[in-house]
file protein39.txt (compact mmCIF, C-alpha atoms)
# COMPACT_ATOMS: atom_id res chain seq x y z
CA MET A 1 0.00 0.00 0.00
CA ALA A 2 1.06 3.51 -0.66
CA GLU A 3 0.88 6.56 1.59
CA ASN A 4 -0.39 10.03 0.76
CA LYS A 5 1.17 13.35 1.83
CA GLU A 6 -0.38 13.20 5.27
CA GLY A 7 1.07 9.74 5.84
CA GLN A 8 -2.26 7.91 5.47
CA GLU A 9 -2.47 4.69 3.61
CA ILE A 10 -4.08 4.81 0.17
CA THR A 11 -5.95 1.84 -1.15
CA GLU A 12 -5.70 0.63 -4.73
CA GLU A 13 -9.27 1.78 -5.33
CA GLN A 14 -8.41 5.33 -4.27
CA THR A 15 -5.31 5.32 -6.47
CA ALA A 16 -7.31 4.12 -9.48
CA GLU A 17 -9.95 6.77 -8.80
CA ASN A 18 -7.28 9.51 -8.58
CA ASN A 19 -5.75 8.33 -11.85
CA GLU A 20 -9.16 8.50 -13.57
CA ASN A 21 -9.76 12.04 -12.27
CA LEU A 22 -6.31 13.08 -13.43
CA ALA A 23 -6.91 11.56 -16.88
CA GLU A 24 -10.22 13.39 -17.19
CA GLU A 25 -8.62 16.72 -16.27
CA THR A 26 -5.74 16.17 -18.71
CA GLY A 27 -8.15 15.13 -21.46
CA THR A 28 -10.26 18.24 -20.90
CA GLU A 29 -7.18 20.44 -21.06
CA SER A 30 -6.00 18.83 -24.30
CA VAL A 31 -9.46 19.26 -25.84
CA GLU A 32 -9.47 22.93 -24.78
CA THR A 33 -5.97 23.38 -26.20
CA GLU A 34 -7.00 21.79 -29.49
CA ASP A 35 -10.09 24.03 -29.63
CA LYS A 36 -7.96 27.15 -29.03
CA GLN A 37 -5.47 26.01 -31.65
CA ALA A 38 -8.21 25.39 -34.20
CA GLN A 39 -9.74 28.78 -33.38
CA LEU A 40 -6.35 30.53 -33.80
CA GLU A 41 -5.74 28.73 -37.10
CA SER A 42 -9.14 29.84 -38.43
CA GLN A 43 -8.42 33.44 -37.33
CA LEU A 44 -5.04 33.27 -39.06
CA ALA A 45 -6.62 31.95 -42.26
CA GLU A 46 -9.24 34.71 -42.09
CA ALA A 47 -6.55 37.38 -41.56
CA LYS A 48 -4.54 36.02 -44.51
CA ASP A 49 -7.64 36.11 -46.70
CA LYS A 50 -8.39 39.70 -45.68
CA TYR A 51 -4.76 40.67 -46.32
CA LEU A 52 -4.74 39.12 -49.80
CA ARG A 53 -8.02 40.80 -50.71
CA LEU A 54 -6.79 44.17 -49.42
CA TYR A 55 -3.52 43.79 -51.30
CA ALA A 56 -5.34 42.92 -54.53
CA GLU A 57 -7.69 45.87 -54.06
CA PHE A 58 -4.74 48.21 -53.51
CA GLU A 59 -2.97 46.91 -56.64
CA ASN A 60 -6.13 47.50 -58.68
CA PHE A 61 -6.42 51.02 -57.23
CA ARG A 62 -2.76 51.75 -58.06
CA ARG A 63 -3.14 50.54 -61.66
CA ARG A 64 -6.39 52.45 -62.13
CA THR A 65 -4.95 55.74 -60.82
CA ALA A 66 -1.81 55.34 -62.95
CA LYS A 67 -3.99 54.81 -66.03
CA GLU A 68 -6.16 57.84 -65.15
CA ARG A 69 -3.04 59.98 -64.60
CA ILE A 70 -1.69 59.02 -68.04
CA GLU A 71 -5.04 59.84 -69.66
CA THR A 72 -5.20 63.18 -67.84
CA ILE A 73 -1.73 64.13 -69.02
CA GLN A 74 -2.50 63.11 -72.60
CA ASN A 75 -5.79 65.06 -72.64
CA ALA A 76 -4.70 68.03 -70.50
CA SER A 77 -4.59 70.45 -73.39
CA GLU A 78 -7.89 69.32 -74.93
CA GLY A 79 -9.87 72.26 -73.52
CA LEU A 80 -7.33 74.81 -74.76
CA ILE A 81 -7.17 73.24 -78.20
CA LYS A 82 -10.97 73.27 -78.50
CA GLU A 83 -10.99 76.99 -77.67
CA LEU A 84 -8.21 77.72 -80.18
CA ILE A 85 -9.98 76.05 -83.12
CA PRO A 86 -12.22 79.10 -83.78
CA VAL A 87 -9.09 81.29 -83.87
CA ILE A 88 -7.56 78.94 -86.43
CA ASP A 89 -10.78 79.19 -88.46
CA ASP A 90 -10.51 82.99 -88.35
CA PHE A 91 -6.91 82.83 -89.57
CA GLU A 92 -7.94 80.54 -92.45
CA ARG A 93 -10.68 83.00 -93.51
CA ALA A 94 -8.22 85.88 -93.26
CA ASN A 95 -5.70 83.98 -95.35
CA LYS A 96 -8.31 83.40 -98.08
CA SER A 97 -9.25 87.08 -98.06
CA PHE A 98 -5.61 88.07 -98.75
CA GLU A 99 -6.04 86.81 -102.32
CA ASN A 100 -8.99 89.09 -103.19
CA VAL A 101 -8.34 92.26 -101.16
CA THR A 102 -6.41 95.17 -102.60
CA GLU A 103 -6.56 97.46 -99.56
CA VAL A 104 -4.27 96.81 -96.61
CA GLU A 105 -6.23 98.60 -93.86
CA PRO A 106 -9.13 96.10 -93.61
CA LEU A 107 -6.58 93.27 -93.45
CA LYS A 108 -4.78 94.95 -90.56
CA GLU A 109 -8.05 95.35 -88.69
CA GLY A 110 -8.98 91.70 -89.28
CA ILE A 111 -5.60 90.45 -88.07
CA ALA A 112 -5.85 92.72 -84.99
CA LEU A 113 -9.29 91.26 -84.19
CA ILE A 114 -8.00 87.71 -84.50
CA PHE A 115 -4.96 88.54 -82.34
CA ASN A 116 -7.20 90.02 -79.63
CA LYS A 117 -9.42 86.93 -79.75
CA LEU A 118 -6.35 84.72 -79.34
CA GLN A 119 -5.09 86.78 -76.39
CA LYS A 120 -8.49 86.63 -74.65
CA THR A 121 -8.69 82.87 -75.14
CA LEU A 122 -5.23 82.36 -73.66
CA ALA A 123 -5.94 84.82 -70.82
CA SER A 124 -9.04 82.81 -69.91
CA LYS A 125 -6.74 79.79 -69.48
CA GLY A 126 -4.43 81.71 -67.12
CA LEU A 127 -1.79 83.08 -69.50
CA LYS A 128 -0.67 86.59 -68.61
CA PRO A 129 2.05 88.67 -70.31
CA MET A 130 4.89 89.99 -68.18
CA GLU A 131 5.54 93.73 -68.07
CA ALA A 132 9.30 94.27 -68.06
CA LYS A 133 10.14 97.55 -69.80
CA ASP A 134 11.36 100.34 -67.45
CA LYS A 135 11.20 97.97 -64.45
CA ASP A 136 14.14 96.95 -62.25
CA PHE A 137 16.03 93.94 -63.59
CA ASP A 138 14.94 90.81 -61.69
CA VAL A 139 16.85 87.57 -62.19
CA ASP A 140 13.73 85.55 -61.24
CA LEU A 141 11.72 87.12 -64.10
CA HIS A 142 14.15 88.38 -66.73
CA GLU A 143 16.93 86.96 -68.85
CA CYS A 144 19.53 89.57 -69.73
CA ILE A 145 20.78 89.09 -73.28
CA THR A 146 22.91 92.25 -73.34
CA GLN A 147 23.76 95.36 -71.38
CA PHE A 148 23.73 98.86 -72.78
CA ALA A 149 25.23 102.06 -71.40
CA ALA A 150 22.23 104.24 -70.62
CA GLY A 151 23.19 106.65 -67.86
CA GLU A 152 22.69 106.69 -64.11
CA ASP A 153 18.88 106.93 -64.13
CA LYS A 154 18.56 103.73 -66.26
CA LYS A 155 21.27 101.70 -64.46
CA GLY A 156 19.91 98.27 -63.44
CA LYS A 157 16.62 98.88 -65.26
CA VAL A 158 15.19 97.11 -68.31
CA ILE A 159 15.71 99.38 -71.32
CA ASP A 160 14.23 97.18 -74.02
CA GLU A 161 12.24 93.96 -74.19
CA VAL A 162 13.44 91.68 -77.00
CA GLU A 163 11.07 88.81 -76.20
CA LYS A 164 8.06 89.07 -73.91
CA GLY A 165 7.85 86.85 -70.82
CA TYR A 166 4.68 85.07 -69.68
CA TYR A 167 3.04 83.81 -66.51
CA LEU A 168 0.69 80.85 -66.38
CA ASN A 169 -1.43 81.07 -63.24
CA ASP A 170 1.20 83.30 -61.56
CA LYS A 171 4.07 80.92 -62.43
CA VAL A 172 6.73 82.08 -64.86
CA ILE A 173 6.63 79.86 -67.94
CA ARG A 174 8.87 82.02 -70.13
CA TYR A 175 11.39 84.56 -68.93
CA ALA A 176 11.47 87.93 -70.65
CA LYS A 177 14.61 88.45 -72.76
CA VAL A 178 15.70 91.99 -72.04
CA VAL A 179 18.38 94.62 -72.54
CA VAL A 180 19.56 96.08 -69.24
CA GLY A 181 21.08 99.51 -68.67
CA SER A 182 24.54 99.67 -67.14
call {"tool": "encode", "arguments": {"input": "protein39.txt", "output": "C-alpha cells"}}
result
Amino acid sequence: MAENKEGQEITEEQTAENNENLAEETGTESVETEDKQAQLESQLAEAKDKYLRLYAEFENFRRRTAKERIETIQNASEGLIKELIPVIDDFERANKSFENVTEVEPLKEGIALIFNKLQKTLASKGLKPMEAKDKDFDVDLHECITQFAAGEDKKGKVIDEVEKGYYLNDKVIRYAKVVVGS
C-alpha cells in the first residue's frame, strides 16, 4: 500500500480513482488546447484572406490611378485646343481674303481682331504677359541678353524687351529676354 502526503495509507481503489480524475482533467485540457489552436488557425486563415483581398484591391487602385493619370496628361490640353480652333478658323478665312483684297487697312483690322481673340482665349486659361520695360532687372523674371550704357537713371533697369515673358497662373513659364542699362 502507498501513503499520501499526510502519511495515510491509500488503497488501490483510491489510487485508481485519482488516476481516472487526473486523466479526465488532462483530457479536458488537451481538448481545450485543441479548440484554441483550431480557433487561432481559423483566425489566421481569415486574416490572410483579408490581407490578400486588401492587397489585390490596392494593386487594382494603383493601376487604375496610374492609367487615369496618363489619360489626364494626354488630354490636358484638350480644352485649350478646343478653344483655339475658332481662332484657327478665323486665320484661315483671313488667309483666303488676302487673295482678293487690294486694300491693306481692312486686313490689318482683321488680323488685330484675330490677335485680340487669341489673347483673350489664352488669358481665360491663365496666361498673362509679363511687363518688363522700365522695371528693375529681376533675375527671377528676366533673362539679360545684353547690357547697354544708358546713364545713371537707367542703371539696373530694363531698357528694351526683345522677347516678352509670360506667366501661367502666376508661375513664370517664359522669362522675358531683355536689354539692361549699365
call {"tool": "residues_around", "arguments": {"input": "protein39.txt", "residues": "A:Met130", "least_positions_apart": "6", "cutoff": "8 Å", "atoms": "all atoms listed in the file", "output": "number ranges by chain"}}
result
A: 164-167, 176
call {"tool": "atom_distance", "arguments": {"input": "protein39.txt", "atom1": "atom CA of A:Leu80", "atom2": "atom CA of A:Gly126"}}
result
10.7 Å
call {"tool": "atom_distance", "arguments": {"input": "protein39.txt", "atom1": "atom CA of A:Leu141", "atom2": "atom CA of A:Gly181"}}
result
16.2 Å
call {"tool": "atom_distance", "arguments": {"input": "protein39.txt", "atom1": "atom CA of A:Glu41", "atom2": "atom CA of A:Tyr55"}}
result
20.8 Å
call {"tool": "closest_residue", "arguments": {"input": "protein39.txt", "among": "A:Glu68, A:Asn116, A:Ser182, A:Asp136", "to": "A:Phe148", "atoms": "all atoms listed in the file"}}
result
A:Ser182
call {"tool": "residues_around", "arguments": {"input": "protein39.txt", "residues": "stretch 86-101 of chain A", "least_positions_apart": "5", "cutoff": "12 Å", "atoms": "all atoms listed in the file", "output": "list in words"}}
result
Leu80, Ile81, Pro106, Leu107, Lys108, Glu109, Gly110, Ile111, Ala112, Leu113, Ile114, Phe115, Asn116, Lys117, Leu118, Gln119, Lys120, Thr121 and Leu122 of chain A
call {"tool": "closest_residue", "arguments": {"input": "protein39.txt", "among": "A:Gly151, A:Leu127, A:Ile159, A:Ser77", "to": "A:Arg174", "atoms": "only C-alpha atoms"}}
result
A:Leu127
call {"tool": "closest_residue", "arguments": {"input": "protein39.txt", "among": "A:Val31, A:Ala38, A:Ala149, A:Val139", "to": "A:Val172", "atoms": "all atoms listed in the file"}}
result
A:Val139
call {"tool": "residues_around", "arguments": {"input": "protein39.txt", "residues": "A:Ile145", "least_positions_apart": "4", "cutoff": "12 Å", "atoms": "all atoms listed in the file", "output": "VMD selection string"}}
result
chain A and resid 137 139 158 to 163 175 to 181
call {"tool": "axis_aligned_box", "arguments": {"input": "protein39.txt", "around": "stretch 149-168 of chain A", "padding_each_side": "3 Å", "output": "JSON"}}
result
{"center_x": 13.0, "center_y": 93.9, "center_z": -70.2, "size_x": 30.5, "size_y": 32.1, "size_z": 19.6}
call {"tool": "decode", "arguments": {"input": "protein39.txt", "residues": "stretch 153-164 of chain A", "atoms": "all heavy atoms", "output": "PDB file, in the first residue's frame"}}
result
ATOM      1  N   ASP A 153      20.307 107.138 -64.442  1.00  0.00           N
ATOM      2  CA  ASP A 153      18.881 106.935 -64.133  1.00  0.00           C
ATOM      3  C   ASP A 153      18.345 105.609 -64.679  1.00  0.00           C
ATOM      4  O   ASP A 153      17.332 105.107 -64.194  1.00  0.00           O
ATOM      5  CB  ASP A 153      18.045 108.111 -64.662  1.00  0.00           C
ATOM      6  CG  ASP A 153      18.167 108.288 -66.167  1.00  0.00           C
ATOM      7  OD1 ASP A 153      19.238 107.992 -66.718  1.00  0.00           O
ATOM      8  OD2 ASP A 153      17.167 108.722 -66.783  1.00  0.00           O
ATOM      9  N   LYS A 154      19.011 105.005 -65.668  1.00  0.00           N
ATOM     10  CA  LYS A 154      18.558 103.731 -66.259  1.00  0.00           C
ATOM     11  C   LYS A 154      19.420 102.545 -65.806  1.00  0.00           C
ATOM     12  O   LYS A 154      19.217 101.432 -66.269  1.00  0.00           O
ATOM     13  CB  LYS A 154      18.606 103.808 -67.793  1.00  0.00           C
ATOM     14  CG  LYS A 154      17.685 104.824 -68.390  1.00  0.00           C
ATOM     15  CD  LYS A 154      16.312 104.247 -68.509  1.00  0.00           C
ATOM     16  CE  LYS A 154      15.426 105.240 -69.260  1.00  0.00           C
ATOM     17  NZ  LYS A 154      14.148 104.668 -69.564  1.00  0.00           N
ATOM     18  N   LYS A 155      20.365 102.770 -64.900  1.00  0.00           N
ATOM     19  CA  LYS A 155      21.266 101.702 -64.457  1.00  0.00           C
ATOM     20  C   LYS A 155      20.478 100.648 -63.671  1.00  0.00           C
ATOM     21  O   LYS A 155      19.767 100.962 -62.723  1.00  0.00           O
ATOM     22  CB  LYS A 155      22.375 102.281 -63.581  1.00  0.00           C
ATOM     23  CG  LYS A 155      23.446 101.290 -63.257  1.00  0.00           C
ATOM     24  CD  LYS A 155      24.604 101.945 -62.530  1.00  0.00           C
ATOM     25  CE  LYS A 155      25.701 100.914 -62.331  1.00  0.00           C
ATOM     26  NZ  LYS A 155      26.883 101.493 -61.719  1.00  0.00           N
ATOM     27  N   GLY A 156      20.598  99.375 -64.112  1.00  0.00           N
ATOM     28  CA  GLY A 156      19.907  98.270 -63.445  1.00  0.00           C
ATOM     29  C   GLY A 156      18.447  98.134 -63.839  1.00  0.00           C
ATOM     30  O   GLY A 156      17.730  97.311 -63.283  1.00  0.00           O
ATOM     31  N   LYS A 157      18.012  98.948 -64.802  1.00  0.00           N
ATOM     32  CA  LYS A 157      16.619  98.879 -65.261  1.00  0.00           C
ATOM     33  C   LYS A 157      16.568  98.249 -66.642  1.00  0.00           C
ATOM     34  O   LYS A 157      17.530  98.247 -67.391  1.00  0.00           O
ATOM     35  CB  LYS A 157      16.003 100.268 -65.318  1.00  0.00           C
ATOM     36  CG  LYS A 157      15.882 100.937 -63.965  1.00  0.00           C
ATOM     37  CD  LYS A 157      14.721 101.885 -63.959  1.00  0.00           C
ATOM     38  CE  LYS A 157      14.595 102.541 -62.612  1.00  0.00           C
ATOM     39  NZ  LYS A 157      13.594 101.937 -61.799  1.00  0.00           N
ATOM     40  N   VAL A 158      15.405  97.711 -66.992  1.00  0.00           N
ATOM     41  CA  VAL A 158      15.193  97.111 -68.307  1.00  0.00           C
ATOM     42  C   VAL A 158      14.956  98.242 -69.303  1.00  0.00           C
ATOM     43  O   VAL A 158      14.008  99.015 -69.167  1.00  0.00           O
ATOM     44  CB  VAL A 158      13.989  96.143 -68.280  1.00  0.00           C
ATOM     45  CG1 VAL A 158      13.697  95.617 -69.669  1.00  0.00           C
ATOM     46  CG2 VAL A 158      14.245  94.999 -67.307  1.00  0.00           C
ATOM     47  N   ILE A 159      15.827  98.326 -70.309  1.00  0.00           N
ATOM     48  CA  ILE A 159      15.715  99.378 -71.321  1.00  0.00           C
ATOM     49  C   ILE A 159      14.810  98.927 -72.460  1.00  0.00           C
ATOM     50  O   ILE A 159      13.983  99.696 -72.949  1.00  0.00           O
ATOM     51  CB  ILE A 159      17.110  99.748 -71.882  1.00  0.00           C
ATOM     52  CG1 ILE A 159      17.972 100.318 -70.770  1.00  0.00           C
ATOM     53  CG2 ILE A 159      17.003 100.731 -73.031  1.00  0.00           C
ATOM     54  CD1 ILE A 159      19.409 100.541 -71.171  1.00  0.00           C
ATOM     55  N   ASP A 160      15.002  97.685 -72.891  1.00  0.00           N
ATOM     56  CA  ASP A 160      14.232  97.178 -74.018  1.00  0.00           C
ATOM     57  C   ASP A 160      13.862  95.717 -73.769  1.00  0.00           C
ATOM     58  O   ASP A 160      14.589  94.980 -73.111  1.00  0.00           O
ATOM     59  CB  ASP A 160      15.048  97.298 -75.316  1.00  0.00           C
ATOM     60  CG  ASP A 160      14.215  97.024 -76.555  1.00  0.00           C
ATOM     61  OD1 ASP A 160      12.972  97.185 -76.496  1.00  0.00           O
ATOM     62  OD2 ASP A 160      14.796  96.626 -77.589  1.00  0.00           O
ATOM     63  N   GLU A 161      12.717  95.328 -74.321  1.00  0.00           N
ATOM     64  CA  GLU A 161      12.241  93.956 -74.187  1.00  0.00           C
ATOM     65  C   GLU A 161      12.331  93.308 -75.568  1.00  0.00           C
ATOM     66  O   GLU A 161      11.582  93.662 -76.473  1.00  0.00           O
ATOM     67  CB  GLU A 161      10.794  93.990 -73.677  1.00  0.00           C
ATOM     68  CG  GLU A 161      10.230  92.670 -73.296  1.00  0.00           C
ATOM     69  CD  GLU A 161       8.847  92.799 -72.664  1.00  0.00           C
ATOM     70  OE1 GLU A 161       8.009  93.565 -73.199  1.00  0.00           O
ATOM     71  OE2 GLU A 161       8.633  92.144 -71.646  1.00  0.00           O
ATOM     72  N   VAL A 162      13.248  92.356 -75.727  1.00  0.00           N
ATOM     73  CA  VAL A 162      13.445  91.684 -77.001  1.00  0.00           C
ATOM     74  C   VAL A 162      12.376  90.610 -77.205  1.00  0.00           C
ATOM     75  O   VAL A 162      11.839  90.454 -78.295  1.00  0.00           O
ATOM     76  CB  VAL A 162      14.859  91.062 -77.076  1.00  0.00           C
ATOM     77  CG1 VAL A 162      15.060  90.295 -78.372  1.00  0.00           C
ATOM     78  CG2 VAL A 162      15.916  92.136 -76.912  1.00  0.00           C
ATOM     79  N   GLU A 163      12.082  89.857 -76.152  1.00  0.00           N
ATOM     80  CA  GLU A 163      11.067  88.812 -76.204  1.00  0.00           C
ATOM     81  C   GLU A 163      10.261  88.872 -74.915  1.00  0.00           C
ATOM     82  O   GLU A 163      10.813  88.897 -73.823  1.00  0.00           O
ATOM     83  CB  GLU A 163      11.750  87.443 -76.338  1.00  0.00           C
ATOM     84  CG  GLU A 163      10.884  86.372 -76.894  1.00  0.00           C
ATOM     85  CD  GLU A 163      11.674  85.102 -77.153  1.00  0.00           C
ATOM     86  OE1 GLU A 163      11.944  84.364 -76.181  1.00  0.00           O
ATOM     87  OE2 GLU A 163      12.023  84.857 -78.322  1.00  0.00           O
ATOM     88  N   LYS A 164       8.956  88.925 -75.058  1.00  0.00           N
ATOM     89  CA  LYS A 164       8.058  89.071 -73.907  1.00  0.00           C
ATOM     90  C   LYS A 164       8.039  87.804 -73.061  1.00  0.00           C
ATOM     91  O   LYS A 164       8.067  86.698 -73.580  1.00  0.00           O
ATOM     92  CB  LYS A 164       6.647  89.387 -74.410  1.00  0.00           C
ATOM     93  CG  LYS A 164       5.696  89.858 -73.354  1.00  0.00           C
ATOM     94  CD  LYS A 164       4.402  90.312 -73.954  1.00  0.00           C
ATOM     95  CE  LYS A 164       4.574  91.751 -74.322  1.00  0.00           C
ATOM     96  NZ  LYS A 164       3.548  92.647 -73.959  1.00  0.00           N
TER      97      LYS A 164
END
